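Asker: I have a structure I would like to understand better, so I am pasting it below and will then ask my questions one at a time.
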Amino acid sequence: MGESPFWGPDFDQLEVEDPEIAGILLSELDRARGGLQLIASENFTSPAVLAALGSTLSNKYAEGYPGKRYYGGCAEVDKAEIIGIERAKQLFGAEHANLQPHSGASANLAAYGAFVKPGETVLAMSLPHGGHLTHGSKVNFSGKWFEVVSYGVREDTETIDYDEVRTIALQHRPRLIICGATAYPRLIDFAAFRQIADEVGAILMVDAAHFIGLVAGKAIPSPVPYADVVTFTTHKVLRGPRGGMVLCKAEHAAAIDKAVFPMMQGGPLMHAVAAKAVALKEAMSPDYQAYAAQVIRNAQALSAELAAQGMRPVSGGTDTHLALIDLRGVGVTGADAEVRCDAARITLNKNAIPYDPQPPTVGSGIRVGTPSVTTQGMGEPEMAVIGRLIGTAVTDPASAAAVADEVTELVSRFPAYAQTPVGV
Ligand SMILES: *Cc1c(COP(=O)(O)O)cnc(C)c1O
């Protein structure tokens, strides 16, 4: 091995210099490995991605874009960003890519910045029905600065009602229409949204944060041909570093680039940009495509087992990596279920279900996702076991220790970071 350009493996140094933080890093690794990680927006990123994140590229100021920087010494980071941009364009068939957004929320802020002025109207999915904070929450910039009107899901089908979307769009004439959600288990009809956007002369933005990894793995249809702009996070199913990205049509490239920098951000996180390039390369592999397909089969198997346990999957099931589960049938709130699962080493989150009678802090449901357990190599047989364990943990709090033992046994057969570069 040659000289290492990154300091991730030099864990001994951190333990000497800052044992307090070093100890936390080890405990967090133990926590993540020691239980079931079912948060739908999380994953285990690869050691190669972590290596890029732990590199000296973190030191480099590179405001601007490749070839047009405000600082000297950018020749090497330019190469990394150009490779990343080319990979993103190739993988997603996109005309333009911007890898600099620090997060999904920053990517969305940039898209708003490129296309709407404060006070203009935006149409997006309502938060209680699965939309994201950046789609119009009153405590977020989106709700504070824009006139946000929202659509939801039908009460009977619990899926998006495209006729309703069209009716609201015709009534409010939004400048920007957003589709994409944080807790919607079904495929979205991007062609229908495109048609509505064209009819009212709106820009169509797809916030693909949750499902872009499934698109990358060719497991579900892509929004790229339909959308003016696609924003997403790189750390969910896509399995890259924590961060954001924007894809758009060539005609919007200049507006998006200016909105990301200098409108919304300063210097890019070049270590994260390089790590995004690494993740994009990984996502181009046949292995990743097999992974993406398995993530969906696992979510369907988990959802089916939970249904068998008397816990109703919202909309009847899932086409993606996540399921939203209505717990009213077993008489347990989402908040209680989250705490009970946590005590059994199963990490998931409470979630509102559409038309939820409970306040959001309590919620009638849970959201479960399979990106992490699938990265660990688990398949449908393990999902059936996990579904049973969730059923027991949720309905019988006294079983927590027994369930935790079974969880420990299961994860020991599918270790996360079997060969970790950190702390071993
Ligand atoms: C996760 C998510 C985001 C925000 O990503 P952050 O990186 O947490 O800022 C935005 N939109 C949707 C739909 C998401 O699921």
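Each chain in the structure tokens gets a letter, A, B and so on, in the order shown; residues start at 1 in every chain, and ligands are counted from 1 in the order they appear.
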Would you mind listing what lies within 8 Å of stretch 298-312 of chain A as a ChimeraX atom specification, with only C-alpha atoms counted and same-chain residues fewer than 4 positions away left out?
Answerer: /A:294,316-323,325-330,369-370,374,379-380,383-384,386-388,390-391
Asker: Can you pull out the residues contacting A:Phe232? Cut-off 10 Å, using only C-alpha atoms, and skip same-chain residues under 6 positions away; I want them as a PyMOL selection string.
Answerer: chain A and resi 101+103-108+180+206-213+238+243-247
Asker: Among the residues of stretch 132-340 of chain A, find those DSSP assigns to strand (DSSP E) from the backbone and print them as an MDAnalysis selection string.
Answerer: chainID A and resid 147:151 176:179 203:207 229:233 244:248 312:313 322:326
Asker: Using only C-alpha atoms and all ligand atoms, pick whichever of A:Ala344, A:Leu133, A:Leu26, A:Ala277 has the shortest atom-to-atom distance to ligand 1.
Answerer: A:Leu133
Asker: Please extract the residues of stretch 8-195 of chain A with a backbone DSSP assignment of alpha helix (DSSP H) and present them as a ChimeraX atom specification.
Answerer: /A:11-17,19-34,47-53,75-92,104-115,141-145,162-172,190-195
Asker: Could you list, as a PyMOL selection string, every residue within 10 Å of A:Thr392, counting only C-alpha atoms and ignoring same-chain residues fewer than 6 positions away?
Answerer: chain A and resi 309+340-341+344+386+398-400+402-403
Asker: Could you give me, as a list in words, the residues within 10 Å of A:Glu164, counting only C-alpha atoms and dropping anything in the same chain fewer than 2 positions from it?
Answerer: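 So, after excluding close chain neighbours, the residues are Tyr151, Gly152, Val153, Arg154, Ile160, Asp161, Tyr162, Arg166, Thr167, Ile168, Ala169 and Leu170 of chain A.
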Asker: Counting only C-alpha atoms, figure out which residue out of A:Leu410, A:Val362, A:Val215, A:Val77 gets nearest to A:Tyr61.
Answerer: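 Of the candidates, the smallest distance to A:Tyr61 is held by A:Val77.
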Asker: Find the distance between atom CA of A:Arg194 and atom CA of A:Ala227 and write it in Å to one decimal.
Answerer: 7.0 Å
Asker: Tell me, as number ranges by chain, which residues lie within 7 Å of A:Glu147, counting only C-alpha atoms; anything in the same chain fewer than 4 positions away does not count.
Answerer: A: 119-122, 143
Asker: Create the file for the chosen residues now, containing N, CA and C atoms and written as a PDB file, in the first residue's frame.
Answerer:
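This went into result-v5.pdb:
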```pdb
ATOM      1  N   GLY A 119     -42.849  35.013  -2.566  1.00  0.00           N
ATOM      2  CA  GLY A 119     -44.237  35.420  -2.758  1.00  0.00           C
ATOM      3  C   GLY A 119     -44.926  34.683  -3.897  1.00  0.00           C
ATOM      4  N   GLU A 120     -44.152  34.052  -4.776  1.00  0.00           N
ATOM      5  CA  GLU A 120     -44.783  33.326  -5.879  1.00  0.00           C
ATOM      6  C   GLU A 120     -45.342  31.981  -5.392  1.00  0.00           C
ATOM      7  N   THR A 121     -46.207  31.410  -6.239  1.00  0.00           N
ATOM      8  CA  THR A 121     -46.936  30.211  -5.824  1.00  0.00           C
ATOM      9  C   THR A 121     -46.244  28.918  -6.244  1.00  0.00           C
ATOM     10  N   VAL A 122     -46.205  27.985  -5.285  1.00  0.00           N
ATOM     11  CA  VAL A 122     -45.606  26.668  -5.482  1.00  0.00           C
ATOM     12  C   VAL A 122     -46.658  25.623  -5.109  1.00  0.00           C
ATOM     13  N   GLY A 143     -42.130  27.505   3.344  1.00  0.00           N
ATOM     14  CA  GLY A 143     -43.421  28.007   3.810  1.00  0.00           C
ATOM     15  C   GLY A 143     -43.382  29.475   4.203  1.00  0.00           C
TER      16      GLY A 143
END
```
Asker: If we count only C-alpha atoms, what is near A:Arg345 at a cut-off of 12 Å, once residues fewer than 5 positions away on the same chain are taken out, given as a list of chain:residue names?
Answerer: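 What passes the distance filter is A:Asp30, A:Arg31, A:Ala32, A:Arg33, A:Gly34, A:Gly35, A:Leu36, A:Gln37, A:Leu38, A:Glu338, A:Val339, A:Arg340, A:Ile386, A:Leu389, A:Ile390, A:Ala393, A:Ser399, A:Ala400, A:Ala401, A:Ala402, A:Val403, A:Ala404, A:Asp405, A:Glu406, A:Val407, A:Thr408, A:Glu409, A:Leu410, A:Val411.
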Asker: Measure the distance from atom CA of A:Arg242 to atom CA of A:Pro118 in Å and round it to one decimal.
Answerer: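 About the pair atom CA of A:Arg242 and atom CA of A:Pro118: they are 28.2 Å apart.
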Asker: If you count only C-alpha atoms, which residues fall within 10 Å of stretch 41-56 of chain A, apart from same-chain ones fewer than 6 positions away, as a PyMOL selection string?
Answerer: chain A and resi 4-9+32-33+182-183+209-211+233+235-242+269-280+282+321-322+367-376+416-417+419-422
Asker: Name the closest residue to ligand 1 among the candidates A:Gly365, A:Pro185, A:Gly130, A:Gly334; distances are taken between atoms, counting only C-alpha atoms and all ligand atoms.
Answerer: A:Gly130
Asker: Quote the spacing between atom CA of A:Gln90 and atom CA of A:Leu214 in Å to one decimal place.
Answerer: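 It comes out at 15.6 Å.
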